[in-house]
Structures are given as structure tokens and as C-alpha cells.
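Data from final-v9.txt: compact mmCIF, C-alpha atoms
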```
# COMPACT_ATOMS: atom_id res chain seq x y z
CA MET A 272 29.57 139.40 75.74
CA LYS A 273 31.54 141.33 78.31
CA ILE A 274 33.93 144.20 77.75
CA ILE A 275 36.56 145.73 79.96
CA GLU A 276 35.89 149.39 80.72
CA ARG A 277 38.60 151.60 82.11
CA MET A 278 37.22 153.61 85.02
CA SER A 279 40.26 155.58 86.12
CA ARG A 280 43.94 155.09 86.39
CA ARG A 281 44.67 151.37 86.88
CA LYS A 282 41.00 150.57 87.62
CA PHE A 283 38.95 148.44 85.29
CA VAL A 284 35.42 147.04 85.39
CA LEU A 285 33.97 144.10 83.48
CA LYS A 286 30.59 145.16 82.02
CA GLU A 287 27.93 143.40 80.02
CA TYR A 288 27.77 144.55 76.43
CA ASP A 289 24.89 144.02 74.04
CA ASP A 290 26.71 142.41 71.12
CA ASN A 291 23.62 142.57 68.91
CA SER A 292 23.34 146.35 68.89
CA ILE A 293 23.38 147.45 65.29
CA TYR A 294 23.08 151.06 64.20
CA LYS A 295 22.18 152.64 60.89
CA GLY A 296 23.37 155.97 59.52
CA VAL A 297 24.96 157.92 56.71
CA LEU A 298 28.75 157.67 56.50
CA LYS A 299 30.67 160.95 56.50
CA ILE A 300 34.37 161.47 55.83
CA ARG A 301 35.96 164.74 56.95
CA ASP A 302 39.68 165.47 57.19
CA ASP A 303 40.60 161.80 56.66
CA ARG A 304 38.25 160.68 59.48
CA ALA A 305 35.16 158.54 58.93
CA PHE A 306 32.16 158.66 61.24
CA VAL A 307 28.42 158.10 61.44
CA ASP A 308 26.17 160.52 63.34
CA LEU A 309 23.52 158.59 65.26
CA LYS A 310 20.00 159.77 65.99
CA PRO A 311 17.61 157.95 68.35
CA SER A 312 15.55 156.67 65.39
CA GLU A 313 18.62 155.07 63.79
CA LYS A 314 19.09 152.46 66.52
CA GLN A 315 17.81 149.14 65.32
CA SER A 316 17.88 147.16 68.54
CA GLU A 317 17.49 147.78 72.24
CA VAL A 318 20.68 149.00 73.87
CA GLN A 319 21.74 149.37 77.45
CA PRO A 320 21.10 152.72 79.15
CA GLU A 321 24.79 153.66 79.30
CA GLN A 322 25.02 153.25 75.52
CA ASN A 323 22.17 155.71 74.85
CA GLU A 324 24.66 158.57 75.04
CA ILE A 325 26.39 157.51 71.81
CA LYS A 326 25.94 160.30 69.28
CA LYS A 327 28.82 159.67 66.92
CA VAL A 328 30.65 156.48 65.98
CA TYR A 329 34.13 156.79 64.47
CA ILE A 330 35.29 154.21 61.94
CA LYS A 331 38.88 153.46 60.94
CA LYS A 332 39.65 153.02 57.25
CA LYS A 333 40.33 149.33 57.70
CA HIS A 334 36.77 148.92 59.05
CA LEU A 335 34.99 150.82 56.24
CA GLN A 336 34.65 147.72 54.05
CA THR A 337 33.69 149.19 50.63
CA ALA A 338 31.69 152.19 51.88
CA PHE A 339 32.15 155.77 50.66
CA GLU A 340 30.89 159.08 51.99
CA GLY A 341 27.15 159.45 51.67
CA ASP A 342 26.39 155.72 51.72
CA THR A 343 23.78 154.52 54.20
CA VAL A 344 25.45 151.82 56.28
CA GLN A 345 24.83 149.43 59.15
CA ILE A 346 27.52 149.63 61.82
CA LYS A 347 28.46 147.62 64.87
CA ILE A 348 30.23 149.08 67.90
CA LEU A 349 33.72 147.64 68.43
CA GLU A 350 35.03 149.78 71.24
CA MET A 351 33.55 152.17 73.78
CA ARG A 352 35.39 153.92 76.55
CA LYS A 353 33.76 156.13 79.10
CA GLY A 354 34.45 159.74 78.24
CA SER A 355 35.93 158.77 74.87
CA LYS A 356 34.82 158.17 71.32
CA ALA A 357 32.86 155.12 70.27
CA ARG A 358 34.55 153.15 67.49
CA GLY A 359 32.82 150.79 65.14
CA GLU A 360 32.90 148.95 61.84
CA VAL A 361 30.69 148.88 58.78
CA ILE A 362 28.95 145.52 58.54
CA SER A 363 26.84 146.23 55.45
CA ILE A 364 25.99 148.93 52.95
CA LEU A 365 22.24 149.47 52.78
CA ASN A 366 22.15 152.14 50.08
CA ARG A 367 24.86 153.60 47.85
CA SER A 368 24.67 157.30 47.11
CA PRO A 369 25.55 158.36 43.56
CA HIS A 370 29.27 159.11 43.36
CA ILE A 371 30.76 161.46 40.77
CA ILE A 372 34.54 161.48 41.06
CA ARG A 373 36.89 164.09 39.61
CA GLY A 374 40.51 163.21 39.15
CA ILE A 375 43.44 162.49 36.86
CA ILE A 376 43.84 159.43 34.65
CA GLU A 377 47.03 157.41 35.20
CA PHE A 378 48.15 154.58 32.94
CA GLU A 379 50.56 152.07 34.47
CA ASN A 380 51.49 148.51 33.42
CA ASN A 381 48.59 148.19 31.00
CA VAL A 382 46.10 149.23 33.72
CA THR A 383 44.23 152.55 33.88
CA TYR A 384 43.50 154.24 37.21
CA LEU A 385 41.67 157.36 38.27
CA LEU A 386 43.45 159.28 41.03
CA PRO A 387 40.67 161.23 42.82
CA ASP A 388 41.11 164.92 43.63
CA ASP A 389 38.89 164.68 46.72
CA ASP A 390 40.27 163.07 49.90
CA LYS A 391 36.92 161.51 50.77
CA TYR A 392 37.69 158.92 48.10
CA TYR A 393 40.45 157.10 49.94
CA VAL A 394 41.31 154.63 47.13
CA ASP A 395 42.25 154.86 43.46
CA PHE A 396 39.63 153.70 40.95
CA LEU A 397 40.21 151.13 38.22
CA ILE A 398 38.86 152.13 34.82
CA PRO A 399 38.42 149.34 32.25
CA LYS A 400 39.59 150.21 28.72
CA ASN A 401 36.05 150.07 27.35
CA LYS A 402 34.95 152.66 29.98
CA LEU A 403 37.65 155.27 29.20
CA ASN A 404 35.50 157.13 26.64
CA GLY A 405 38.56 158.62 24.93
CA ALA A 406 40.40 159.78 28.05
CA LYS A 407 44.20 159.68 27.95
CA HIS A 408 47.01 159.57 30.51
CA GLY A 409 47.29 162.79 32.54
CA GLU A 410 43.87 164.20 31.63
CA ARG A 411 41.42 165.45 34.25
CA VAL A 412 38.09 163.67 34.03
CA LYS A 413 34.74 163.32 35.72
CA ALA A 414 33.85 159.68 36.36
CA SER A 415 30.91 157.77 37.73
CA PHE A 416 31.30 155.03 40.35
CA VAL A 417 30.26 151.63 38.96
CA SER A 418 30.95 148.96 41.60
CA TRP A 419 33.14 147.76 44.43
CA ASP A 420 32.50 144.28 45.76
CA ASP A 421 35.80 143.22 47.32
CA LYS A 422 37.73 145.60 49.58
CA MET A 423 40.99 143.89 48.55
CA LYS A 424 40.46 145.08 44.95
CA SER A 425 40.09 148.54 43.48
CA PRO A 426 36.63 150.01 42.88
CA VAL A 427 35.53 150.36 39.24
CA ALA A 428 34.54 153.67 37.65
CA GLU A 429 33.53 154.88 34.19
CA VAL A 430 34.65 158.16 32.58
CA ILE A 431 31.63 160.33 31.79
CA GLU A 432 33.37 163.57 30.82
CA ILE A 433 36.86 164.80 29.97
CA LEU A 434 37.42 168.13 31.74
CA LYS A 435 39.33 171.02 30.29
CA ASP A 436 42.75 171.49 31.82
CA ASN A 437 42.63 173.19 35.20
CA PRO A 438 44.84 176.34 35.10
CA LEU A 439 46.61 175.28 38.31
CA HIS A 440 47.23 171.81 36.89
CA SER A 441 48.61 173.29 33.63
CA ARG A 442 50.87 175.62 35.56
CA PHE A 443 52.15 172.73 37.69
CA ARG A 444 52.98 170.70 34.56
CA PHE A 445 54.68 173.76 33.02
CA ASP A 446 56.75 174.35 36.19
CA CYS A 447 57.76 170.67 36.35
CA ARG A 448 58.88 170.68 32.70
CA ARG A 449 60.83 173.90 33.26
CA ILE A 450 62.57 172.49 36.33
CA LEU A 451 63.39 169.19 34.62
CA SER A 452 64.69 170.89 31.46
CA ALA A 453 67.01 173.11 33.58
CA ARG A 454 68.89 170.05 34.81
```

Can you give me the file's structure in the form of C-alpha cells?
Amino acid sequence: MKIIERMSRRKFVLKEYDDNSIYKGVLKIRDDRAFVDLKPSEKQSEVQPEQNEIKKVYIKKKHLQTAFEGDTVQIKILEMRKGSKARGEVISILNRSPHIIRGIIEFENNVTYLLPDDDKYYVDFLIPKNKLNGAKHGERVKASFVSWDDKMKSPVAEVIEILKDNPLHSRFRFDCRRILSAR
């Protein structure tokens, strides 16, 4: 496969690209950005000399498949520009790390969701009724990740603990009620 590499302003070069280069690493999500740090031992196939300088591969949300932070993933490079960031996509999840999610239970249209507090969980979790363990709408809970097979559907979680009300959360609810009752 060949890719077009931009050399300078209005100058492009057609270069050979090793399409079979697959990398392995642990997915990290920081400040709404996903990336995999690469080490020399994490390269699974021979790559061209100019690709040896890749240290970090950035992944857009649409290319994460069903991976979360801490999962060991296989990635494929999609885009490389000289002097710029390498971009890739997750092609498989090799090992899931255990995920404990804290968040608030929301009940809408006969479906229960967990809205995560942490931004590294970029989707809401579906909680089946038999996995609620007594949690009610608006309560803060700690949940365990169960499965996520299709990226077009929500991941499934199970409530493992109902947390006591966070003082900031209680104050927010109190302020909202006070503001609404003043109207």
C-alpha cells in the first residue's frame, strides 16, 4: 500500500507503507484524548525505518471500538505525517482491565443507565433491572463493567455498591430545588 506524505507546502511524496504493521499497547485516555504509548517490544511486525520513530499513537473516539482505558489493545496505524502525530484505530482488545465505575443512576423510558463521573468512560452504561441491587434513580453507585460486544449498543454494568450521598451532589440538588421553588 502507498500513502501520500506531505513534505512541505504544496509538495507531496508517494511512499510505500507497510499495511501489516500491528502494534500492541495499553490504551490511555487523558483529557478526552485516547492514545497508546509504544515501546520497541510492543511492535509485532517488522516496520520500515522511518516508522521506528513512532512513540505514541493517537486514537479518535470513533476508532476505539469497545475499548476503555487500561485495556491492552492491538492497533493499526491509519495516518502518519512527518513531524505530526500518528493516528490509528483499535482492531482488537487483547485483555480487558477490571473496570469499577462510579456514577449516578438514571431511569428513562423503562431503561436504567449509569452516567459515569469519570470522563475516561466516554459512554453511558446500561444496567439491567436484575443487576440494580436496590439502586434507585438519582443515587450515586459503584458499578462493575460486565460486557460490551457491539459499539453501536451501550456497555452493560452491574451495581456492586450504593454510595452515600456526596456532599457536593446533595448541595447541588438542594440549590436546584431552591431555584426551582423560587419561580

Box for stretch 370-386 of chain A - axis-aligned, 3 Å on each of the six sides, all listed atoms - centre and size in Å to one decimal, as JSON.
```
{"center_x": 40.4, "center_y": 156.1, "center_z": 37.2, "size_x": 28.2, "size_y": 21.9, "size_z": 18.4}
```

Got a sec: who's within 8 Å of A:Ala338, counting all atoms listed in the file, leaving out chain neighbours fewer than 3 positions off, as a list in words?
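Once the nearby chain positions are removed, what remains is Leu298, Leu335, Asp342, Val344, Val361 and Ile364 of chain A.
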
Given the choices A:Lys295, A:Ile348, A:Glu276, A:Asp303, which gets closest to A:Lys391 if the distance is worked out from all atoms listed in the file?
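Once distances to A:Lys391 are computed over all atoms listed in the file, the minimum belongs to A:Asp303.
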
Among the residues A:Asp420, A:Asp388, A:Glu429, A:Glu377, the one that comes closest to A:Asn401 [using all atoms listed in the file]:
A:Glu429

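Our summary of the geometry notes that atom CA of A:Glu340 is positioned 18.4 Å from atom CA of A:Leu397.
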